[in-house]
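So this block is my_file15.txt, compact mmCIF, C-alpha atoms and all ligand atoms:
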# COMPACT_ATOMS: atom_id res chain seq x y z
CA MET A 1 48.34 106.52 86.62
CA LEU A 2 49.20 108.12 83.27
CA LYS A 3 52.00 106.89 81.08
CA ILE A 4 52.68 108.54 77.77
CA LYS A 5 55.27 106.93 75.55
CA ASN A 6 56.78 108.43 72.42
CA LEU A 7 53.59 110.28 71.56
CA HIS A 8 53.40 111.85 68.13
CA ALA A 9 50.29 113.71 67.05
CA SER A 10 49.26 115.79 64.07
CA ILE A 11 46.60 118.20 63.08
CA GLU A 12 45.72 118.60 59.41
CA ASP A 13 48.80 116.53 58.55
CA LYS A 14 51.11 118.89 60.42
CA GLU A 15 53.07 117.15 63.15
CA ILE A 16 52.71 119.05 66.44
CA LEU A 17 53.76 116.54 69.09
CA LYS A 18 57.09 114.97 68.27
CA GLY A 19 57.75 112.23 70.79
CA ILE A 20 56.37 113.07 74.21
CA ASN A 21 57.22 110.90 77.22
CA LEU A 22 55.44 111.65 80.47
CA GLU A 23 54.57 109.68 83.57
CA ILE A 24 52.25 110.93 86.28
CA ASN A 25 51.67 109.04 89.51
CA PRO A 26 48.77 109.32 91.95
CA GLY A 27 49.16 112.24 94.35
CA GLU A 28 51.36 114.26 92.01
CA VAL A 29 50.88 117.70 90.51
CA HIS A 30 52.75 118.22 87.27
CA ALA A 31 53.10 121.48 85.41
CA ILE A 32 53.83 121.85 81.73
CA MET A 33 55.26 125.20 80.72
CA GLY A 34 56.57 126.41 77.43
CA PRO A 35 56.44 129.11 74.80
CA ASN A 36 53.28 129.82 72.88
CA GLY A 37 52.71 127.38 70.06
CA SER A 38 54.92 124.65 71.54
CA GLY A 39 52.06 122.13 71.65
CA LYS A 40 50.86 122.29 75.27
CA SER A 41 47.18 122.60 74.44
CA THR A 42 47.56 119.98 71.74
CA LEU A 43 48.88 117.57 74.35
CA SER A 44 45.90 118.18 76.65
CA SER A 45 43.51 117.74 73.74
CA VAL A 46 45.16 114.51 72.65
CA ILE A 47 45.02 113.08 76.19
CA ALA A 48 41.35 114.03 76.36
CA GLY A 49 40.75 112.44 72.96
CA LYS A 50 39.56 115.36 70.88
CA GLU A 51 38.84 114.15 67.38
CA GLU A 52 40.60 116.88 65.38
CA TYR A 53 43.96 115.51 66.47
CA GLU A 54 45.48 112.40 65.04
CA MET A 55 47.79 110.24 67.09
CA THR A 56 50.35 108.94 64.66
CA GLU A 57 52.72 107.09 66.97
CA GLY A 58 53.16 106.10 70.59
CA GLU A 59 50.90 105.19 73.47
CA ILE A 60 48.74 106.79 76.13
CA ILE A 61 48.14 104.41 79.00
CA PHE A 62 45.78 105.42 81.78
CA GLU A 63 45.42 103.17 84.81
CA GLY A 64 46.94 100.33 82.85
CA GLY A 65 44.59 100.61 79.86
CA ASP A 66 45.27 101.99 76.40
CA LEU A 67 43.22 105.12 75.72
CA SER A 68 43.77 105.45 72.01
CA GLU A 69 40.50 103.87 70.88
CA LEU A 70 38.29 105.72 73.36
CA ASP A 71 36.27 108.82 72.57
CA PRO A 72 36.42 111.89 74.86
CA GLU A 73 33.31 110.89 76.78
CA GLU A 74 34.63 107.44 77.53
CA ARG A 75 37.87 108.94 78.74
CA ALA A 76 35.95 111.32 80.98
CA HIS A 77 34.02 108.40 82.41
CA LYS A 78 37.30 106.70 83.23
CA GLY A 79 38.21 109.71 85.36
CA ILE A 80 39.98 112.22 83.12
CA PHE A 81 38.78 115.79 83.50
CA LEU A 82 39.76 118.52 81.08
CA SER A 83 38.93 122.09 81.99
CA PHE A 84 37.05 123.95 79.30
CA GLN A 85 38.95 126.83 77.81
CA TYR A 86 35.83 128.10 76.09
CA PRO A 87 32.86 127.12 78.22
CA VAL A 88 29.45 126.90 76.58
CA GLU A 89 26.53 128.95 77.85
CA ILE A 90 23.35 127.03 78.47
CA PRO A 91 20.53 129.45 79.30
CA GLY A 92 17.84 127.89 81.48
CA VAL A 93 20.10 125.10 82.76
CA SER A 94 21.44 125.80 86.21
CA VAL A 95 24.93 125.02 87.43
CA THR A 96 23.40 122.39 89.73
CA ASN A 97 21.18 120.73 87.15
CA PHE A 98 23.98 120.51 84.65
CA MET A 99 26.07 118.86 87.33
CA LYS A 100 23.38 116.34 88.29
CA THR A 101 23.09 115.26 84.66
CA ALA A 102 26.85 114.94 84.30
CA ILE A 103 27.19 112.89 87.49
CA ASN A 104 24.45 110.49 86.51
CA ALA A 105 25.90 110.09 83.02
CA HIS A 106 29.21 109.13 84.63
CA ARG A 107 27.50 106.69 86.94
CA LYS A 108 25.55 105.10 84.13
CA ALA A 109 28.73 104.64 82.07
CA ASN A 110 30.26 102.87 85.07
CA GLY A 111 27.25 100.59 85.58
CA LEU A 112 25.69 102.50 88.46
CA GLU A 113 22.11 103.71 89.03
CA ASP A 114 21.27 107.41 89.26
CA MET A 115 22.45 108.97 92.50
CA PRO A 116 19.54 109.22 94.93
CA ALA A 117 18.31 112.83 95.26
CA ASN A 118 19.19 113.17 98.94
CA GLU A 119 22.70 111.88 98.34
CA MET A 120 23.10 114.32 95.45
CA LEU A 121 21.99 117.22 97.63
CA LYS A 122 24.40 116.19 100.33
CA LEU A 123 27.26 116.00 97.84
CA ILE A 124 26.40 119.41 96.39
CA ARG A 125 26.27 120.92 99.86
CA GLU A 126 29.53 119.35 100.92
CA LYS A 127 31.48 120.39 97.82
CA SER A 128 30.03 123.88 97.57
CA GLU A 129 30.84 124.54 101.23
CA MET A 130 34.34 123.25 100.79
CA LEU A 131 34.89 125.60 97.85
CA GLU A 132 32.95 128.47 99.42
CA ILE A 133 30.42 128.63 96.60
CA ASP A 134 27.14 130.24 97.55
CA ARG A 135 23.67 128.95 96.83
CA LYS A 136 22.72 131.76 94.50
CA PHE A 137 25.58 130.83 92.25
CA LEU A 138 24.41 127.23 92.02
CA SER A 139 21.01 128.25 90.67
CA ARG A 140 22.36 130.52 87.94
CA SER A 141 22.22 129.53 84.27
CA LEU A 142 25.36 127.77 83.16
CA ASN A 143 28.05 130.27 82.18
CA GLU A 144 25.48 132.89 81.20
CA GLY A 145 27.01 136.29 81.96
CA PHE A 146 29.70 134.66 84.12
CA SER A 147 32.82 136.66 84.87
CA GLY A 148 36.21 135.04 84.36
CA GLY A 149 36.34 134.16 88.06
CA GLU A 150 32.83 132.69 88.02
CA LYS A 151 33.64 130.50 85.03
CA LYS A 152 36.60 129.15 86.94
CA ARG A 153 34.47 128.67 90.05
CA ASN A 154 32.05 126.62 87.99
CA GLU A 155 34.86 124.52 86.53
CA ILE A 156 36.37 123.84 89.91
CA PHE A 157 32.93 122.92 91.25
CA GLN A 158 32.53 120.44 88.37
CA MET A 159 35.93 119.03 89.18
CA ALA A 160 35.01 118.65 92.85
CA MET A 161 31.70 116.96 92.06
CA LEU A 162 33.07 114.55 89.45
CA ASP A 163 36.10 113.72 91.58
CA PRO A 164 38.34 112.81 88.62
CA LYS A 165 41.49 110.75 88.94
CA LEU A 166 43.38 113.02 86.58
CA SER A 167 42.52 116.69 86.10
CA ILE A 168 44.07 118.61 83.23
CA LEU A 169 43.86 122.37 83.61
CA ASP A 170 44.96 124.25 80.55
CA GLU A 171 45.28 127.87 81.62
CA THR A 172 47.58 129.06 78.88
CA ASP A 173 45.65 131.63 76.94
CA SER A 174 42.77 132.42 79.19
CA GLY A 175 44.27 135.56 80.73
CA LEU A 176 43.34 134.76 84.30
CA ASP A 177 42.79 137.75 86.54
CA ILE A 178 43.90 137.47 90.15
CA ASP A 179 40.42 136.47 91.38
CA ALA A 180 40.15 133.67 88.82
CA LEU A 181 43.70 132.58 89.53
CA LYS A 182 42.99 132.21 93.23
CA VAL A 183 39.76 130.32 92.59
CA VAL A 184 41.64 127.79 90.48
CA ALA A 185 44.55 127.49 92.87
CA ASP A 186 42.48 127.23 96.07
CA GLY A 187 40.22 124.67 94.42
CA VAL A 188 43.06 122.53 93.16
CA ASN A 189 44.82 122.67 96.51
CA LYS A 190 41.67 121.66 98.39
CA LEU A 191 40.91 118.83 95.99
CA ARG A 192 44.40 117.34 96.02
CA THR A 193 44.59 113.86 97.53
CA GLU A 194 47.00 110.95 97.50
CA ASN A 195 44.85 109.23 94.92
CA ASN A 196 44.32 111.88 92.28
CA ALA A 197 46.70 113.79 90.07
CA VAL A 198 46.70 117.16 88.37
CA LEU A 199 48.36 118.36 85.19
CA VAL A 200 48.52 122.14 85.05
CA ILE A 201 49.41 123.69 81.74
CA THR A 202 50.47 127.28 81.84
CA HIS A 203 52.50 129.75 79.89
CA TYR A 204 53.23 131.89 82.95
CA GLN A 205 54.80 131.00 86.23
CA ARG A 206 52.32 133.08 88.27
CA LEU A 207 49.78 130.30 88.75
CA LEU A 208 52.53 128.08 90.15
CA ASN A 209 53.04 130.50 93.04
CA TYR A 210 49.68 129.23 94.26
CA ILE A 211 49.62 125.66 93.02
CA VAL A 212 52.98 124.21 93.91
CA PRO A 213 53.87 121.46 91.45
CA ASP A 214 55.92 118.38 92.26
CA VAL A 215 57.32 118.21 88.76
CA VAL A 216 57.77 120.88 86.09
CA HIS A 217 58.23 120.04 82.41
CA VAL A 218 59.24 122.42 79.69
CA MET A 219 57.82 121.85 76.25
CA VAL A 220 59.45 123.34 73.19
CA ASP A 221 58.46 122.53 69.63
CA GLY A 222 56.42 119.46 70.46
CA LYS A 223 58.90 117.85 72.81
CA ILE A 224 59.58 117.91 76.53
CA VAL A 225 63.09 119.33 76.63
CA LYS A 226 63.58 119.68 80.36
CA THR A 227 62.06 118.27 83.56
CA GLY A 228 62.73 119.43 87.09
CA GLY A 229 61.26 120.39 90.43
CA LYS A 230 59.25 123.46 91.31
CA GLU A 231 62.37 125.65 91.20
CA LEU A 232 62.47 125.18 87.43
CA ALA A 233 59.32 127.31 87.17
CA TYR A 234 61.07 130.22 88.91
CA GLU A 235 64.09 129.85 86.72
CA LEU A 236 61.90 130.06 83.62
CA GLU A 237 60.13 133.12 84.96
CA GLU A 238 63.46 134.86 85.44
CA ARG A 239 65.32 133.70 82.41
CA GLY A 240 62.58 133.06 79.85
CA TYR A 241 62.62 130.07 77.53
CA ASP A 242 65.55 130.79 75.26
CA TRP A 243 68.20 129.25 77.48
CA VAL A 244 66.30 125.97 77.57
CA LYS A 245 66.21 125.90 73.79
CA GLN A 246 69.93 126.65 73.65
CA GLU A 247 70.80 124.06 76.25
CA LYS A 248 68.90 121.54 74.19
CA ALA A 249 70.76 122.51 71.02
CA VAL A 250 74.19 121.93 72.63
P1 LIG B 301 50.41 126.00 73.01
O1 LIG B 301 49.22 125.54 73.78
O2 LIG B 301 51.70 125.52 73.57
O3 LIG B 301 50.41 127.48 72.80
P2 LIG B 301 49.15 124.68 70.80
O4 LIG B 301 49.05 123.24 71.13
O5 LIG B 301 47.93 125.51 70.94
O6 LIG B 301 50.37 125.32 71.56
O7 LIG B 301 49.63 124.81 69.28
C1 LIG B 301 50.76 124.12 68.76
C2 LIG B 301 50.83 124.30 67.26
O8 LIG B 301 49.73 123.64 66.66
C3 LIG B 301 50.77 125.73 66.80
O9 LIG B 301 51.67 125.88 65.73
C4 LIG B 301 49.35 125.89 66.32
O10 LIG B 301 49.28 126.84 65.29
C5 LIG B 301 49.00 124.50 65.84
N1 LIG B 301 47.57 124.21 66.01
C6 LIG B 301 46.94 124.04 67.20
N2 LIG B 301 45.63 123.80 67.01
C7 LIG B 301 45.43 123.83 65.69
C8 LIG B 301 44.28 123.67 64.84
N3 LIG B 301 43.08 123.42 65.36
N4 LIG B 301 44.47 123.75 63.51
C9 LIG B 301 45.69 124.00 62.99
N5 LIG B 301 46.80 124.16 63.71
C10 LIG B 301 46.69 124.08 65.04
MG MG B 302 48.77 128.89 72.57
MG MG B 303 47.67 126.51 74.64

Represent the supplied structure as structure tokens.
Ligand code: ADP
Ligand code: MG
Ligand code: MG
Amino acid sequence: MLKIKNLHASIEDKEILKGINLEINPGEVHAIMGPNGSGKSTLSSVIAGKEEYEMTEGEIIFEGGDLSELDPEERAHKGIFLSFQYPVEIPGVSVTNFMKTAINAHRKANGLEDMPANEMLKLIREKSEMLEIDRKFLSRSLNEGFSGGEKKRNEIFQMAMLDPKLSILDETDSGLDIDALKVVADGVNKLRTENNAVLVITHYQRLLNYIVPDVVHVMVDGKIVKTGGKELAYELEERGYDWVKQEKAV
């Protein structure tokens, strides 16, 4: 599904990603862990196509096609979902109405008509029931006065509605409380299928107690220095990151 080869990327002429190789197949959950400042969020931004970052070398192939010339919206329409670390508030626009607009924009970009209203309602009902989101929440203004947990609930609802092929959840700096953590984990676990994939980026191992990854990567200084199974996350929690850096230096 996603194949990243020798990816180098810079911001303001400073090289942050220094040769990333990563392959994610349908059905897999990958986690990227690593010390603060190692480039994890930069990687998610570069995959999503944010303009501040410049790809200087390498390739990002998604479903067989090169992403490098596509803007973030086009990538989203191809099925890449990036969770918002700093969600915008839109007073007067409800969670549901925002979602309807987003879904129809996706459909249009993929050559489809607007979703008929009854079908939209059915989809909203189905996904909100699955995620145990109540009706009152759906009619609230987008992100206005939302708690940390509610912001996450909204994000997971968007993910459920858009049904992306690849979801990238960057949870590094957001200081998730236990409620928010469970919302994210339950949502991701319910939305997992054989056909989609998830990339979870996290500084702490805690989230991975709830979302069990198939593959764990450790990023240090713009490179993936170690890859393993879910047990690697526990090892990092116990031993920190220094031993990985030292092992790499040997
Ligand atoms: P992580 O998510 O692993 O904590 P980041 O990708 O946020 O790491 O940051 C990697 C490096 O890139 C850091 O040294 C950071 O200071 C730098 N960096 C990230 N974003 C910017 C930016 N917008 N402008 C300048 N430097 C940045
Ligand atoms: Mg950081
Ligand atoms: Mg980060």

For this session: Find the residues near ligand MG 302 (chain B). Use a cut-off of 9 Å, count all atoms listed in the file, and write them as a VMD selection string.
Result: chain A and resid 35 to 41 172 to 173 203

Exercise. Asn104 in chain A: which residues within 9 Å, counting all atoms listed in the file, same-chain residues fewer than 4 positions away excluded, as a list in words?
Worked result: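 After dropping sequence-adjacent residues, the list is Met99, Lys100, Lys108, Ala109, Leu112, Glu113, Asp114 and Met115 of chain A.
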
Please dump the current selection as a PDB file, in the coordinates of the input; keep C-alpha atoms.
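Done, and the output landed in again.pdb:
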ATOM      1  CA  MET A  99      26.070 118.860  87.330  1.00  0.00           C
ATOM      2  CA  LYS A 100      23.380 116.340  88.290  1.00  0.00           C
ATOM      3  CA  LYS A 108      25.550 105.100  84.130  1.00  0.00           C
ATOM      4  CA  ALA A 109      28.730 104.640  82.070  1.00  0.00           C
ATOM      5  CA  LEU A 112      25.690 102.500  88.460  1.00  0.00           C
ATOM      6  CA  GLU A 113      22.110 103.710  89.030  1.00  0.00           C
ATOM      7  CA  ASP A 114      21.270 107.410  89.260  1.00  0.00           C
ATOM      8  CA  MET A 115      22.450 108.970  92.500  1.00  0.00           C
TER       9      MET A 115
END

Exercise. Which of these, A:Gly34, A:Ser10, A:Val216, A:Val198, has the shortest distance to Gly240 in chain A once you count all atoms listed in the file?
Worked result: A:Gly34

For this session: Work out how far CA of Lys127 in chain A is from CA of Tyr204 in chain A, in Å to one decimal.
Result: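 Between CA of Tyr204 in chain A and CA of Lys127 in chain A the gap is 28.7 Å.
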
Problem set entry | Test item: residues lying within 12 Å of ligand LIG 301 (chain B) with all atoms listed in the file, as a ChimeraX atom specification | /A:9-18,32-46,50-54,85,169-174,200-204,218-224

Problem set entry | Interatomic distance (Å, one decimal) between CA of Ala185 in chain A and CA of Met161 in chain A |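 The value is 16.6 Å.
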
For this session: Please identify all polymer residues lying at most 12 Å from the point (43.3, 131.8, 95.7) (file coordinates), using only C-alpha atoms, and present the result as a PyMOL selection string.
Result: chain A and resi 131-132+149+152-153+176-190+206-211

Problem set entry | Contact residues around Leu2 in chain A with only C-alpha atoms at 8 Å, ignoring same-chain residues under 5 positions, as an MDAnalysis selection string | chainID A and resid 22:25 60:63

Create the file for the chosen residues now, containing C-alpha atoms and written as a PDB file, in the coordinates of the input.
ATOM      1  CA  LEU A  22      55.440 111.650  80.470  1.00  0.00           C
ATOM      2  CA  GLU A  23      54.570 109.680  83.570  1.00  0.00           C
ATOM      3  CA  ILE A  24      52.250 110.930  86.280  1.00  0.00           C
ATOM      4  CA  ASN A  25      51.670 109.040  89.510  1.00  0.00           C
ATOM      5  CA  ILE A  60      48.740 106.790  76.130  1.00  0.00           C
ATOM      6  CA  ILE A  61      48.140 104.410  79.000  1.00  0.00           C
ATOM      7  CA  PHE A  62      45.780 105.420  81.780  1.00  0.00           C
ATOM      8  CA  GLU A  63      45.420 103.170  84.810  1.00  0.00           C
TER       9      GLU A  63
END

Exercise. Between CA of Asn143 in chain A and CA of Asn97 in chain A, what is the distance, to one decimal in Å?
Worked result: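 Separation of CA of Asn143 in chain A and CA of Asn97 in chain A: 12.8 Å.
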
Problem set entry | Counting only C-alpha atoms, the residue of A:Ala48, A:Glu119, A:Lys230, A:Asp214 that sits nearest Ser83 in chain A | A:Ala48

For this session: Rank A:Asn6, A:Thr227, A:Thr193, A:Asn154 by their smallest atom-to-atom distance to Pro87 in chain A, using only C-alpha atoms, and report the top residue only.
Result: A:Asn154

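Restricting the calculation to only C-alpha atoms, the smallest distance between Phe84 in chain A and any of A:Leu166, A:Val244, A:Met159, A:Val215 is found for A:Met159.
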
All residues 10 Å or closer to Gly49 in chain A, all atoms listed in the file, same chain fewer than 5 positions away omitted, as a PDB file with C-alpha atoms, in the frame of the given file:
ATOM      1  CA  LEU A  43      48.880 117.570  74.350  1.00  0.00           C
ATOM      2  CA  SER A  44      45.900 118.180  76.650  1.00  0.00           C
ATOM      3  CA  GLU A  54      45.480 112.400  65.040  1.00  0.00           C
ATOM      4  CA  MET A  55      47.790 110.240  67.090  1.00  0.00           C
ATOM      5  CA  LEU A  67      43.220 105.120  75.720  1.00  0.00           C
ATOM      6  CA  SER A  68      43.770 105.450  72.010  1.00  0.00           C
ATOM      7  CA  GLU A  69      40.500 103.870  70.880  1.00  0.00           C
ATOM      8  CA  LEU A  70      38.290 105.720  73.360  1.00  0.00           C
ATOM      9  CA  ASP A  71      36.270 108.820  72.570  1.00  0.00           C
ATOM     10  CA  PRO A  72      36.420 111.890  74.860  1.00  0.00           C
ATOM     11  CA  GLU A  73      33.310 110.890  76.780  1.00  0.00           C
ATOM     12  CA  GLU A  74      34.630 107.440  77.530  1.00  0.00           C
ATOM     13  CA  ARG A  75      37.870 108.940  78.740  1.00  0.00           C
ATOM     14  CA  ALA A  76      35.950 111.320  80.980  1.00  0.00           C
TER      15      ALA A  76
END

Could you add the missing atoms to range 102-121 of chain A, up to N, CA and C atoms, and return them as a PDB file, keeping the file's coordinate frame?
ATOM      1  N   ALA A 102      25.486 115.433  84.563  1.00  0.00           N
ATOM      2  CA  ALA A 102      26.850 114.940  84.300  1.00  0.00           C
ATOM      3  C   ALA A 102      27.209 113.791  85.243  1.00  0.00           C
ATOM      4  N   ILE A 103      26.864 113.946  86.507  1.00  0.00           N
ATOM      5  CA  ILE A 103      27.190 112.890  87.490  1.00  0.00           C
ATOM      6  C   ILE A 103      26.465 111.603  87.147  1.00  0.00           C
ATOM      7  N   ASN A 104      25.197 111.712  86.805  1.00  0.00           N
ATOM      8  CA  ASN A 104      24.450 110.490  86.510  1.00  0.00           C
ATOM      9  C   ASN A 104      24.903 109.840  85.207  1.00  0.00           C
ATOM     10  N   ALA A 105      25.350 110.651  84.256  1.00  0.00           N
ATOM     11  CA  ALA A 105      25.900 110.090  83.020  1.00  0.00           C
ATOM     12  C   ALA A 105      27.176 109.287  83.327  1.00  0.00           C
ATOM     13  N   HIS A 106      28.003 109.835  84.204  1.00  0.00           N
ATOM     14  CA  HIS A 106      29.210 109.130  84.630  1.00  0.00           C
ATOM     15  C   HIS A 106      28.861 107.810  85.315  1.00  0.00           C
ATOM     16  N   ARG A 107      27.887 107.891  86.200  1.00  0.00           N
ATOM     17  CA  ARG A 107      27.500 106.690  86.940  1.00  0.00           C
ATOM     18  C   ARG A 107      26.978 105.611  86.006  1.00  0.00           C
ATOM     19  N   LYS A 108      26.126 106.039  85.081  1.00  0.00           N
ATOM     20  CA  LYS A 108      25.550 105.100  84.130  1.00  0.00           C
ATOM     21  C   LYS A 108      26.662 104.401  83.331  1.00  0.00           C
ATOM     22  N   ALA A 109      27.628 105.201  82.857  1.00  0.00           N
ATOM     23  CA  ALA A 109      28.730 104.640  82.070  1.00  0.00           C
ATOM     24  C   ALA A 109      29.547 103.645  82.885  1.00  0.00           C
ATOM     25  N   ASN A 110      29.518 103.796  84.203  1.00  0.00           N
ATOM     26  CA  ASN A 110      30.260 102.870  85.070  1.00  0.00           C
ATOM     27  C   ASN A 110      29.347 101.838  85.719  1.00  0.00           C
ATOM     28  N   GLY A 111      28.169 101.647  85.135  1.00  0.00           N
ATOM     29  CA  GLY A 111      27.250 100.590  85.580  1.00  0.00           C
ATOM     30  C   GLY A 111      26.511 100.877  86.871  1.00  0.00           C
ATOM     31  N   LEU A 112      26.382 102.149  87.215  1.00  0.00           N
ATOM     32  CA  LEU A 112      25.690 102.500  88.460  1.00  0.00           C
ATOM     33  C   LEU A 112      24.334 103.153  88.174  1.00  0.00           C
ATOM     34  N   GLU A 113      23.418 103.035  89.104  1.00  0.00           N
ATOM     35  CA  GLU A 113      22.110 103.710  89.030  1.00  0.00           C
ATOM     36  C   GLU A 113      22.297 105.218  89.240  1.00  0.00           C
ATOM     37  N   ASP A 114      21.252 105.982  88.939  1.00  0.00           N
ATOM     38  CA  ASP A 114      21.270 107.410  89.260  1.00  0.00           C
ATOM     39  C   ASP A 114      21.538 107.604  90.749  1.00  0.00           C
ATOM     40  N   MET A 115      22.204 108.686  91.079  1.00  0.00           N
ATOM     41  CA  MET A 115      22.450 108.970  92.500  1.00  0.00           C
ATOM     42  C   MET A 115      21.138 109.408  93.142  1.00  0.00           C
ATOM     43  N   PRO A 116      20.777 108.805  94.260  1.00  0.00           N
ATOM     44  CA  PRO A 116      19.540 109.220  94.930  1.00  0.00           C
ATOM     45  C   PRO A 116      19.569 110.722  95.243  1.00  0.00           C
ATOM     46  N   ALA A 117      18.398 111.361  95.143  1.00  0.00           N
ATOM     47  CA  ALA A 117      18.310 112.830  95.260  1.00  0.00           C
ATOM     48  C   ALA A 117      18.916 113.356  96.559  1.00  0.00           C
ATOM     49  N   ASN A 118      18.670 112.665  97.663  1.00  0.00           N
ATOM     50  CA  ASN A 118      19.190 113.170  98.940  1.00  0.00           C
ATOM     51  C   ASN A 118      20.720 113.089  99.003  1.00  0.00           C
ATOM     52  N   GLU A 119      21.246 112.049  98.372  1.00  0.00           N
ATOM     53  CA  GLU A 119      22.700 111.880  98.340  1.00  0.00           C
ATOM     54  C   GLU A 119      23.322 112.976  97.464  1.00  0.00           C
ATOM     55  N   MET A 120      22.643 113.265  96.362  1.00  0.00           N
ATOM     56  CA  MET A 120      23.100 114.320  95.450  1.00  0.00           C
ATOM     57  C   MET A 120      23.138 115.667  96.170  1.00  0.00           C
ATOM     58  N   LEU A 121      22.065 115.952  96.895  1.00  0.00           N
ATOM     59  CA  LEU A 121      21.990 117.220  97.630  1.00  0.00           C
ATOM     60  C   LEU A 121      23.113 117.336  98.652  1.00  0.00           C
TER      61      LEU A 121
END
